[in-house]
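So this block is my_file.cif, mmCIF, C-alpha atoms:
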```
data_final
loop_
_atom_site.label_atom_id
_atom_site.label_comp_id
_atom_site.auth_asym_id
_atom_site.auth_seq_id
_atom_site.Cartn_x
_atom_site.Cartn_y
_atom_site.Cartn_z
CA MET K 1 -26.44 -38.67 22.54
CA LEU K 2 -24.19 -40.66 20.28
CA CYS K 3 -25.63 -41.02 16.78
CA LEU K 4 -23.94 -43.80 14.93
CA THR K 5 -24.58 -44.49 11.26
CA THR K 6 -25.86 -47.90 12.00
CA THR K 7 -29.46 -46.78 12.10
CA ARG K 8 -31.41 -45.65 9.07
CA ALA K 9 -32.48 -42.38 10.76
CA CYS K 10 -28.93 -41.42 11.55
CA ARG K 11 -27.74 -42.27 8.05
CA THR K 12 -30.49 -40.11 6.57
CA VAL K 13 -29.65 -37.15 8.77
CA ALA K 14 -25.93 -37.46 8.06
CA THR K 15 -26.48 -37.70 4.32
CA ALA K 16 -28.74 -34.65 4.32
CA ALA K 17 -26.22 -32.66 6.29
CA VAL K 18 -23.43 -33.49 3.87
CA LEU K 19 -25.57 -32.55 0.89
CA LEU K 20 -26.61 -29.24 2.44
CA LEU K 21 -23.00 -28.42 3.25
CA GLY K 22 -21.99 -29.10 -0.32
CA VAL K 23 -24.76 -26.98 -1.75
CA GLY K 24 -23.84 -24.12 0.57
CA LEU K 25 -20.13 -24.16 -0.14
CA VAL K 26 -19.81 -24.74 -3.85
CA PRO K 27 -21.52 -21.62 -5.27
CA PRO K 28 -19.40 -19.03 -3.35
CA ILE K 29 -16.12 -20.72 -4.29
CA ALA K 30 -17.10 -20.90 -7.93
CA SER K 31 -18.25 -17.30 -8.11
CA ALA K 32 -15.24 -15.92 -6.24
CA ALA K 33 -12.88 -17.67 -8.62
CA GLY K 34 -14.54 -16.20 -11.66
CA VAL K 35 -15.14 -12.64 -10.57
CA HIS K 36 -11.76 -11.02 -10.10
CA GLY K 37 -8.02 -11.45 -10.17
CA GLN K 38 -5.60 -9.96 -7.66
CA ALA K 39 -1.89 -9.21 -7.54
CA THR K 40 0.09 -7.74 -4.67
CA GLY K 41 3.49 -6.15 -4.10
CA THR K 42 5.18 -4.71 -1.02
CA GLU K 43 7.44 -1.78 -0.44
CA ALA K 44 9.10 -0.72 2.81
CA MET K 45 10.44 2.69 3.70
CA THR K 46 11.76 4.63 6.65
CA ALA K 47 11.49 8.35 7.15
CA GLY K 48 14.63 10.22 8.03
CA THR K 49 15.24 12.56 10.95
CA TRP K 50 16.54 16.09 10.96
CA GLY K 51 17.86 18.51 13.51
CA VAL K 52 20.97 20.15 14.89
CA HIS K 53 22.05 19.96 18.50
CA ALA K 54 24.07 22.53 20.38
CA VAL K 55 26.42 21.40 23.09
CA SER K 56 25.30 24.35 25.18
CA THR K 57 22.18 26.49 24.80
CA SER K 58 22.68 29.08 27.53
CA PHE K 59 25.48 31.67 27.64
CA THR K 60 26.06 34.26 30.35
CA PHE K 61 28.24 37.29 29.68
CA THR K 62 29.63 39.55 32.39
CA VAL K 63 32.28 41.15 30.20
CA SER K 64 32.58 41.59 26.45
CA THR K 65 34.45 38.39 25.79
CA ASP K 66 33.65 36.09 22.86
CA GLN K 67 32.14 32.68 23.52
CA THR K 68 31.88 29.72 21.13
CA VAL K 69 29.60 26.75 20.78
CA THR K 70 29.50 23.74 18.45
CA VAL K 71 26.30 22.57 16.77
CA THR K 72 26.05 19.15 15.10
CA ASN K 73 23.62 17.62 12.65
CA THR K 74 22.26 14.73 14.69
CA GLY K 75 19.66 13.67 12.13
CA THR K 76 19.87 11.27 9.21
CA ILE K 77 19.15 13.87 6.55
CA ALA K 78 21.69 16.36 5.29
CA LEU K 79 20.72 19.99 5.73
CA SER K 80 20.80 22.99 3.46
CA ALA K 81 20.12 25.63 6.09
CA GLU K 82 19.70 26.14 9.81
CA SER K 83 17.89 28.59 12.03
CA TYR K 84 18.66 29.80 15.52
CA GLY K 85 16.19 31.21 17.98
CA VAL K 86 17.94 33.79 20.16
CA THR K 87 16.62 35.28 23.38
CA ILE K 88 18.75 37.93 25.10
CA SER K 89 17.97 38.98 28.64
CA ARG K 90 17.62 42.54 29.86
CA PRO K 91 20.65 43.48 31.97
CA LEU K 92 20.32 45.70 35.05
CA ILE K 93 22.70 48.23 33.57
CA GLY K 94 23.45 49.15 29.98
CA ALA K 95 22.25 47.93 26.59
CA PRO K 96 24.78 45.47 25.28
CA THR K 97 24.58 44.10 21.74
CA PHE K 98 25.70 40.80 20.27
CA LYS K 99 26.69 39.37 16.91
CA LEU K 100 26.60 35.71 16.00
CA PHE K 101 29.22 34.31 13.61
CA GLU K 102 29.55 30.92 12.02
CA CYS K 103 32.61 29.01 10.94
CA THR K 104 32.88 25.64 9.25
CA SER K 105 35.99 24.85 11.26
CA ALA K 106 36.74 25.31 14.93
CA TRP K 107 37.46 28.83 16.09
CA SER K 108 41.05 29.50 16.98
CA ALA K 109 41.95 32.59 19.02
CA ASN K 110 38.55 34.04 18.04
CA LYS K 111 39.42 33.62 14.38
CA CYS K 112 37.80 31.42 11.72
CA ALA K 113 40.65 30.05 9.65
CA GLY K 114 42.33 33.39 10.10
CA GLY K 115 39.18 35.32 9.18
CA SER K 116 36.07 36.59 10.87
CA GLY K 117 33.65 33.87 9.77
CA THR K 118 30.14 34.47 8.42
CA GLN K 119 27.73 36.60 10.39
CA ILE K 120 24.27 35.11 10.98
CA GLY K 121 21.63 37.82 11.04
CA GLY K 122 22.43 41.35 12.11
CA THR K 123 23.20 42.98 15.42
CA LEU K 124 21.15 41.49 18.23
CA HIS K 125 20.02 43.69 21.08
CA SER K 126 19.46 42.89 24.69
CA ASN K 127 15.92 42.29 25.92
CA SER K 128 14.87 40.76 22.62
CA THR K 129 13.84 37.51 21.02
CA THR K 130 14.49 36.80 17.37
CA THR K 131 15.27 34.02 14.94
CA VAL K 132 18.19 34.16 12.54
CA SER K 133 18.93 31.77 9.68
CA ILE K 134 21.82 30.86 7.47
CA SER K 135 22.05 28.72 4.35
CA THR K 136 24.98 26.54 5.14
CA ALA K 137 24.94 22.95 3.97
CA LEU K 138 25.55 20.54 6.78
CA ALA K 139 26.16 16.85 6.20
CA VAL K 140 24.88 14.15 8.51
CA SER K 141 27.03 14.22 11.68
CA GLY K 142 28.71 17.36 10.43
CA SER K 143 29.35 20.30 12.75
CA LEU K 144 29.29 24.06 12.57
CA TYR K 145 31.08 26.36 14.97
CA LEU K 146 29.35 29.47 16.29
CA GLN K 147 30.86 32.41 18.11
CA TRP K 148 29.12 35.15 20.12
CA GLU K 149 30.83 38.51 19.88
CA PRO K 150 29.44 40.92 22.51
CA THR K 151 29.78 44.69 22.81
CA GLY K 152 29.05 46.87 25.85
CA VAL K 153 28.56 44.16 28.43
CA SER K 154 29.04 45.42 31.99
CA VAL K 155 26.76 43.19 34.05
CA ALA K 156 25.45 39.68 33.61
CA THR K 157 23.48 39.21 30.43
CA THR K 158 22.18 35.81 29.34
CA ILE K 159 21.59 34.48 25.84
CA THR K 160 19.46 31.44 25.20
CA LEU K 161 20.15 29.65 21.90
CA SER K 162 17.58 27.40 20.24
CA PRO K 163 18.87 25.67 17.07
CA GLN K 164 16.02 24.78 14.71
CA VAL K 165 15.59 22.87 11.46
CA THR K 166 12.33 22.91 9.55
CA SER K 167 11.36 20.46 6.85
CA PRO K 168 11.32 20.43 3.94
CA THR K 169 12.78 23.88 3.28
CA GLN K 170 15.96 23.43 5.31
CA LEU K 171 16.66 19.86 4.25
CA ARG K 172 18.83 18.79 1.35
CA ALA K 173 17.24 18.97 -2.09
CA ALA K 174 14.49 16.42 -2.67
CA VAL K 175 15.67 13.17 -4.22
CA LYS K 176 13.80 11.24 -6.91
CA THR K 177 14.66 7.56 -7.02
CA ASN K 178 13.82 5.18 -9.87
CA GLN K 179 14.16 1.54 -8.95
CA MET D 1 -70.75 -94.76 -20.42
CA SER D 2 -71.13 -92.53 -17.44
CA LYS D 3 -67.42 -92.91 -16.78
CA HIS D 4 -66.62 -91.62 -20.25
CA ARG D 5 -68.94 -88.61 -19.77
CA HIS D 6 -67.26 -87.77 -16.54
CA THR D 7 -63.84 -87.83 -18.20
CA THR D 8 -64.94 -85.49 -21.02
CA LYS D 9 -66.29 -82.93 -18.54
CA LYS D 10 -62.98 -82.97 -16.73
CA GLU D 11 -61.05 -82.38 -19.92
CA ARG D 12 -63.31 -79.45 -20.83
CA ALA D 13 -62.71 -77.89 -17.47
CA TYR D 14 -58.93 -78.15 -17.86
CA GLY D 15 -59.19 -76.67 -21.30
CA LYS D 16 -61.09 -73.64 -19.98
CA ILE D 17 -58.52 -73.12 -17.31
CA ALA D 18 -55.72 -73.32 -19.86
CA VAL D 19 -57.43 -70.81 -22.17
CA ALA D 20 -58.06 -68.43 -19.29
CA GLY D 21 -54.45 -68.69 -18.22
CA LEU D 22 -53.22 -67.96 -21.71
CA LEU D 23 -55.50 -64.94 -22.03
CA THR D 24 -54.40 -63.50 -18.72
CA THR D 25 -50.74 -63.96 -19.58
CA SER D 26 -51.21 -62.30 -22.97
CA VAL D 27 -52.98 -59.31 -21.48
CA GLY D 28 -50.28 -58.97 -18.87
CA LEU D 29 -47.49 -59.12 -21.43
CA LEU D 30 -49.17 -56.62 -23.71
CA ALA D 31 -49.71 -54.20 -20.87
CA THR D 32 -46.09 -54.50 -19.73
CA ALA D 33 -44.82 -54.03 -23.24
CA GLY D 34 -46.91 -50.85 -23.58
CA VAL D 35 -45.52 -49.36 -20.41
CA TYR D 36 -41.93 -50.07 -21.42
CA ALA D 37 -42.55 -48.55 -24.83
CA GLY D 38 -43.78 -45.30 -23.22
CA LEU D 39 -40.78 -44.95 -20.79
CA SER D 40 -38.15 -45.39 -23.44
CA ALA D 41 -39.39 -42.54 -25.63
CA THR D 42 -36.41 -40.17 -24.88
CA ALA D 43 -34.11 -37.85 -26.86
CA THR D 44 -30.56 -36.76 -25.82
CA GLY D 45 -28.07 -34.01 -26.66
CA ALA D 46 -24.65 -33.13 -25.26
CA GLU D 47 -23.04 -29.74 -24.47
CA SER D 48 -19.64 -29.20 -22.89
CA VAL D 49 -18.68 -26.11 -20.92
CA THR D 50 -15.27 -25.02 -19.70
CA SER D 51 -15.03 -22.11 -17.31
CA GLY D 52 -12.43 -19.42 -17.97
CA SER D 53 -9.86 -18.03 -15.60
CA LEU D 54 -8.88 -14.50 -14.63
CA ASN D 55 -5.34 -14.21 -13.31
CA LEU D 56 -3.60 -10.91 -12.68
CA GLN D 57 0.17 -11.10 -12.75
CA LEU D 58 2.36 -8.38 -11.23
CA SER D 59 5.99 -8.25 -12.31
CA PRO D 60 8.77 -5.66 -12.60
CA ASP D 61 8.35 -3.50 -15.69
CA VAL D 62 11.88 -2.16 -15.54
CA GLY D 63 14.17 -2.17 -12.53
CA ALA D 64 13.39 -4.15 -9.42
CA GLY D 65 9.66 -3.53 -9.28
CA PHE D 66 8.25 -3.24 -5.81
CA SER D 67 11.20 -3.09 -3.47
CA ASN D 68 12.35 -1.36 -0.35
CA PHE D 69 13.39 2.26 -0.34
CA THR D 70 16.91 2.19 0.95
CA GLY D 71 18.12 5.01 3.09
CA ALA D 72 16.17 7.64 4.89
CA MET D 73 13.28 9.29 3.11
CA ALA D 74 12.95 13.03 3.55
CA PRO D 75 9.85 15.13 2.99
CA GLY D 76 9.72 15.96 -0.70
CA ASP D 77 11.51 12.79 -1.79
CA THR D 78 9.92 10.55 -4.42
CA ASP D 79 10.43 6.84 -4.86
CA ASN D 80 9.33 5.50 -8.25
CA VAL D 81 8.86 1.80 -8.92
CA TYR D 82 7.78 0.31 -12.22
CA VAL D 83 5.52 -2.71 -12.52
CA THR D 84 3.66 -4.52 -15.25
CA LEU D 85 0.14 -5.75 -14.73
CA LYS D 86 -0.77 -8.59 -17.03
CA ASN D 87 -3.82 -10.77 -17.31
CA THR D 88 -2.52 -14.31 -17.65
CA GLY D 89 -5.91 -15.97 -17.45
CA THR D 90 -8.16 -17.00 -20.31
CA LEU D 91 -10.77 -14.31 -19.80
CA ALA D 92 -10.42 -10.64 -20.63
CA SER D 93 -10.71 -8.27 -17.73
CA ALA D 94 -13.08 -5.37 -17.62
CA ALA D 95 -11.74 -1.86 -18.06
CA GLY D 96 -10.94 -0.40 -14.69
CA MET D 97 -9.16 -1.80 -11.68
CA THR D 98 -8.86 -0.99 -8.00
CA LEU D 99 -5.84 -0.39 -5.81
CA GLN D 100 -5.67 -0.83 -2.08
CA VAL D 101 -2.60 0.03 -0.02
CA ALA D 102 -2.30 -1.41 3.46
CA GLY D 103 0.36 -0.03 5.78
CA SER D 104 2.03 -2.11 8.46
CA PRO D 105 2.07 -0.69 11.06
CA VAL D 106 -1.15 0.79 9.87
CA ASN D 107 -0.69 4.24 11.35
CA ALA D 108 2.97 4.85 10.58
CA LEU D 109 3.26 7.65 8.07
CA THR D 110 -0.21 7.01 6.75
CA ASN D 111 -2.57 8.84 9.06
CA GLY D 112 -0.43 11.08 11.23
CA SER D 113 -2.12 13.50 13.54
CA ILE D 114 -0.72 16.48 11.65
CA ALA D 115 -2.82 17.38 8.63
CA GLY D 116 -1.06 16.93 5.34
CA GLU D 117 1.72 14.79 6.71
CA GLY D 118 2.47 11.31 5.54
CA LEU D 119 2.83 9.23 2.44
CA SER D 120 1.08 9.81 -0.85
CA ILE D 121 0.87 7.60 -3.89
CA ALA D 122 0.31 8.33 -7.57
CA ALA D 123 0.17 5.95 -10.53
CA THR D 124 0.83 6.64 -14.19
CA GLU D 125 0.56 4.28 -17.12
CA CYS D 126 2.94 4.33 -20.08
CA SER D 127 1.95 2.90 -23.45
CA VAL D 128 5.37 1.22 -23.63
CA ALA D 129 7.88 0.08 -21.03
CA TRP D 130 9.29 2.86 -18.84
CA THR D 131 12.85 4.11 -19.13
CA LEU D 132 14.41 3.37 -15.77
CA ALA D 133 17.42 5.67 -15.91
CA THR D 134 15.36 8.79 -16.35
CA GLY D 135 11.99 7.66 -15.09
CA THR D 136 10.42 8.82 -18.32
CA CYS D 137 7.96 7.33 -20.78
CA SER D 138 8.86 7.38 -24.47
CA GLY D 139 5.26 6.69 -25.41
CA ALA D 140 2.03 8.17 -24.17
CA THR D 141 1.34 8.58 -20.47
CA THR D 142 -2.01 8.31 -18.77
CA THR D 143 -2.73 9.20 -15.18
CA VAL D 144 -4.45 6.26 -13.56
CA LEU D 145 -4.28 7.54 -9.98
CA ALA D 146 -3.81 11.18 -9.04
CA THR D 147 -1.73 11.83 -5.92
CA THR D 148 -3.66 10.24 -3.08
CA THR D 149 -2.74 9.88 0.56
CA ALA D 150 -1.87 6.39 1.70
CA SER D 151 -4.49 6.65 4.42
CA THR D 152 -7.17 7.12 1.75
CA LEU D 153 -5.88 4.09 -0.12
CA ALA D 154 -6.38 1.94 2.95
CA THR D 155 -9.78 1.49 1.31
CA ALA D 156 -9.61 0.23 -2.27
CA GLN D 157 -9.86 3.06 -4.78
CA ALA D 158 -10.82 2.81 -8.42
CA LEU D 159 -8.04 3.48 -10.91
CA SER D 160 -8.89 5.60 -13.91
CA ASN D 161 -8.26 4.88 -17.55
CA ILE D 162 -6.91 1.39 -17.00
CA PRO D 163 -7.73 -0.46 -20.22
CA ALA D 164 -9.26 -3.88 -20.41
CA LEU D 165 -6.51 -6.47 -20.25
CA ALA D 166 -7.17 -8.99 -22.98
CA ALA D 167 -5.74 -12.31 -21.99
CA ALA D 168 -5.75 -13.63 -25.54
CA THR D 169 -3.30 -10.99 -26.73
CA GLY D 170 -1.19 -10.87 -23.60
CA GLN D 171 -1.97 -7.20 -23.13
CA ALA D 172 -0.09 -5.53 -20.30
CA ALA D 173 -0.25 -2.24 -18.45
CA HIS D 174 3.08 -0.53 -17.68
CA ILE D 175 2.61 1.34 -14.42
CA GLN D 176 4.82 3.78 -12.54
CA ILE D 177 4.03 3.95 -8.83
CA SER D 178 5.28 7.14 -7.19
CA LEU D 179 5.60 7.23 -3.43
CA THR D 180 6.17 10.63 -1.85
CA LEU D 181 6.53 11.82 1.72
CA ALA D 182 5.12 15.11 2.89
CA GLY D 183 5.84 16.71 6.23
CA THR D 184 6.46 20.14 7.67
CA GLU D 185 8.11 19.80 11.04
CA THR D 186 10.56 21.82 13.07
CA SER D 187 13.07 20.08 15.28
CA THR D 188 14.47 22.09 18.15
CA ASN D 189 17.99 21.46 19.34
CA GLY D 190 17.91 18.06 17.65
CA THR D 191 14.58 16.98 19.14
CA PRO D 192 11.56 16.34 16.89
CA PRO D 193 8.12 17.62 17.90
CA ALA D 194 5.98 15.35 20.08
CA SER D 195 3.90 14.20 17.12
CA THR D 196 6.26 13.39 14.31
CA ILE D 197 6.84 11.30 11.22
CA GLN D 198 10.60 11.34 11.74
CA GLY D 199 12.28 7.98 12.02
CA LEU D 200 9.07 6.01 11.48
CA SER D 201 8.99 2.93 9.25
CA THR D 202 6.21 1.22 7.41
CA THR D 203 5.69 -1.56 4.89
CA LEU D 204 3.10 -0.91 2.24
CA THR D 205 1.26 -3.75 0.55
CA TYR D 206 -0.26 -2.81 -2.79
CA THR D 207 -3.20 -4.91 -3.94
CA PHE D 208 -4.46 -4.54 -7.50
CA THR D 209 -7.79 -6.11 -8.28
CA GLU D 210 -9.17 -6.63 -11.78
CA GLN D 211 -12.72 -7.50 -12.60
CA GLN D 212 -13.94 -10.05 -15.10
CA ARG D 213 -15.29 -8.75 -18.40
CA THR D 214 -19.03 -8.36 -18.67
CA GLY D 215 -20.85 -11.65 -19.10
CA THR D 216 -21.95 -12.43 -22.64
CA VAL D 217 -25.00 -14.13 -24.05
CA THR D 218 -24.37 -16.60 -26.85
CA ASN D 219 -27.11 -17.87 -29.20
CA GLN D 220 -26.02 -20.81 -31.25
#
```

Step by step, read the file and then write its structure as structure tokens.
Amino acid sequence: MLCLTTTRACRTVATAAVLLLGVGLVPPIASAAGVHGQATGTEAMTAGTWGVHAVSTSFTFTVSTDQTVTVTNTGTIALSAESYGVTISRPLIGAPTFKLFECTSAWSANKCAGGSGTQIGGTLHSNSTTTVSISTALAVSGSLYLQWEPTGVSVATTITLSPQVTSPTQLRAAVKTNQ
Amino acid sequence: MSKHRHTTKKERAYGKIAVAGLLTTSVGLLATAGVYAGLSATATGAESVTSGSLNLQLSPDVGAGFSNFTGAMAPGDTDNVYVTLKNTGTLASAAGMTLQVAGSPVNALTNGSIAGEGLSIAATECSVAWTLATGTCSGATTTVLATTTASTLATAQALSNIPALAAATGQAAHIQISLTLAGTETSTNGTPPASTIQGLSTTLTYTFTEQQRTGTVTNQ
């Protein structure tokens, strides 16, 4: 039905509707304006990432010859320390032992800048699982160079390496920013 | 003779009609005058009212104020921003205020699945402007919000010890907002755990709300 305002009934209904609408709307607007004031501000942030990645994580020894591996900080946060999970298999014959050394430059002829490097942990025995740590600062994208030095290997023995970084203890010192 | 008598009677009749008409008119006028006199017996007075306003203004106290944290935030890091809250309206605000922090995306760093992880916020008021270089207050400090997780602040929380902001005196509150990130996670061979806060981003919107002072009754 089309209700035009040409009839008195329609005009009355339309007028009443407008009045009711006005009465309903005005009080909430007035009260909301007088009750509180608001102010807003925004701040954006991104969390960093942390971790070191080893080029190779599995090493098999059949003779007592040193092997090296490079680990790199692939995160966006500099590190203050790193840990390495080490699992050494049980060989069929013998009880070989291993030592893990770290160097901040690439190994050359099994030497770290002419020296022996820094040992991580103690002597590691076959048929064992352990975690060793070292407090060496490592910048973002920086690398460390590890070397396995075995003793008494006569048959195949496998080492599995699992580099680990735990926050916040192994991350750079906390930063406080005032801006 | 009879013609003269007939004329006299006619004149008397007209006279009666005229008198009656005059009487009726008089009564009518008197009655109308009485009614008008009763309707106009009014008294008037005037009173003007102007409503006040309550406007909360947020501006940098020192430094840039609310701004983006550049770089990558590590667990344990703290980002301090300094803002001034000022009532620029004409009404004083009530003591107390609320703060709501909305994260976008809502679940990034604010309600991670690992307990204790995520962003936390604290607020401290200084009686004078903060010193940006050192992040210290040379006056008196008052804790207005103890360290609270951002997920809790998704619902507006009452701030403590925020004084009434008197518009008339331009009173301001100098606030330090401290944003910290907590997270204990171990990455293995460069790979974060399945549930992680690493590399996530979020934008936090802080909303301060002040309330109008208590209504007053004036007798004058």

Skipping near chain neighbours, those fewer than 6 positions away, what residues fall within 10 Å of Phe61 in chain K using all atoms listed in the file, listed as a VMD selection string? chain K and resid 67 96 148 150 153 to 159

Using all atoms listed in the file, I'd like every residue of chain D that has an atom within 7 Å of chain K; please write them out as a ChimeraX atom specification. /D:53-58,63-69,72-81,132,135,183-191,197-212

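Rounded to one decimal, CA of Thr155 in chain D and CA of Lys86 in chain D lie 22.8 Å from each other.
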
Tell me which protein, DNA and RNA residues are within 9 Å of Thr118 in chain K, counting all atoms listed in the file, leaving out same-chain ones fewer than 3 positions away, and put them as a list in words. Leu100, Phe101, Glu102, Cys103 and Cys112 of chain K

Just give me the residues with any atom within 9 Å of (1.5, 4.9, -17.6), file coordinates, counting all atoms listed in the file, written as number ranges by chain. D: 123-130, 137, 139-144, 173-176

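Computed from the coordinates, the CA of Val62 in chain D to CA of Gly103 in chain D distance equals 24.3 Å.
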
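Listed by chain and then by number, the residues chosen by the PyMOL selection byres ((chain D and resi 91) around 6) in this file are D:Gly52, D:Ser53, D:Leu54, D:Gly89, D:Thr90, D:Ala92, D:Ala167.
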
Find the distance between CA of Ile114 in chain D and CA of Pro193 in chain D and write it in Å to one decimal. 10.9 Å
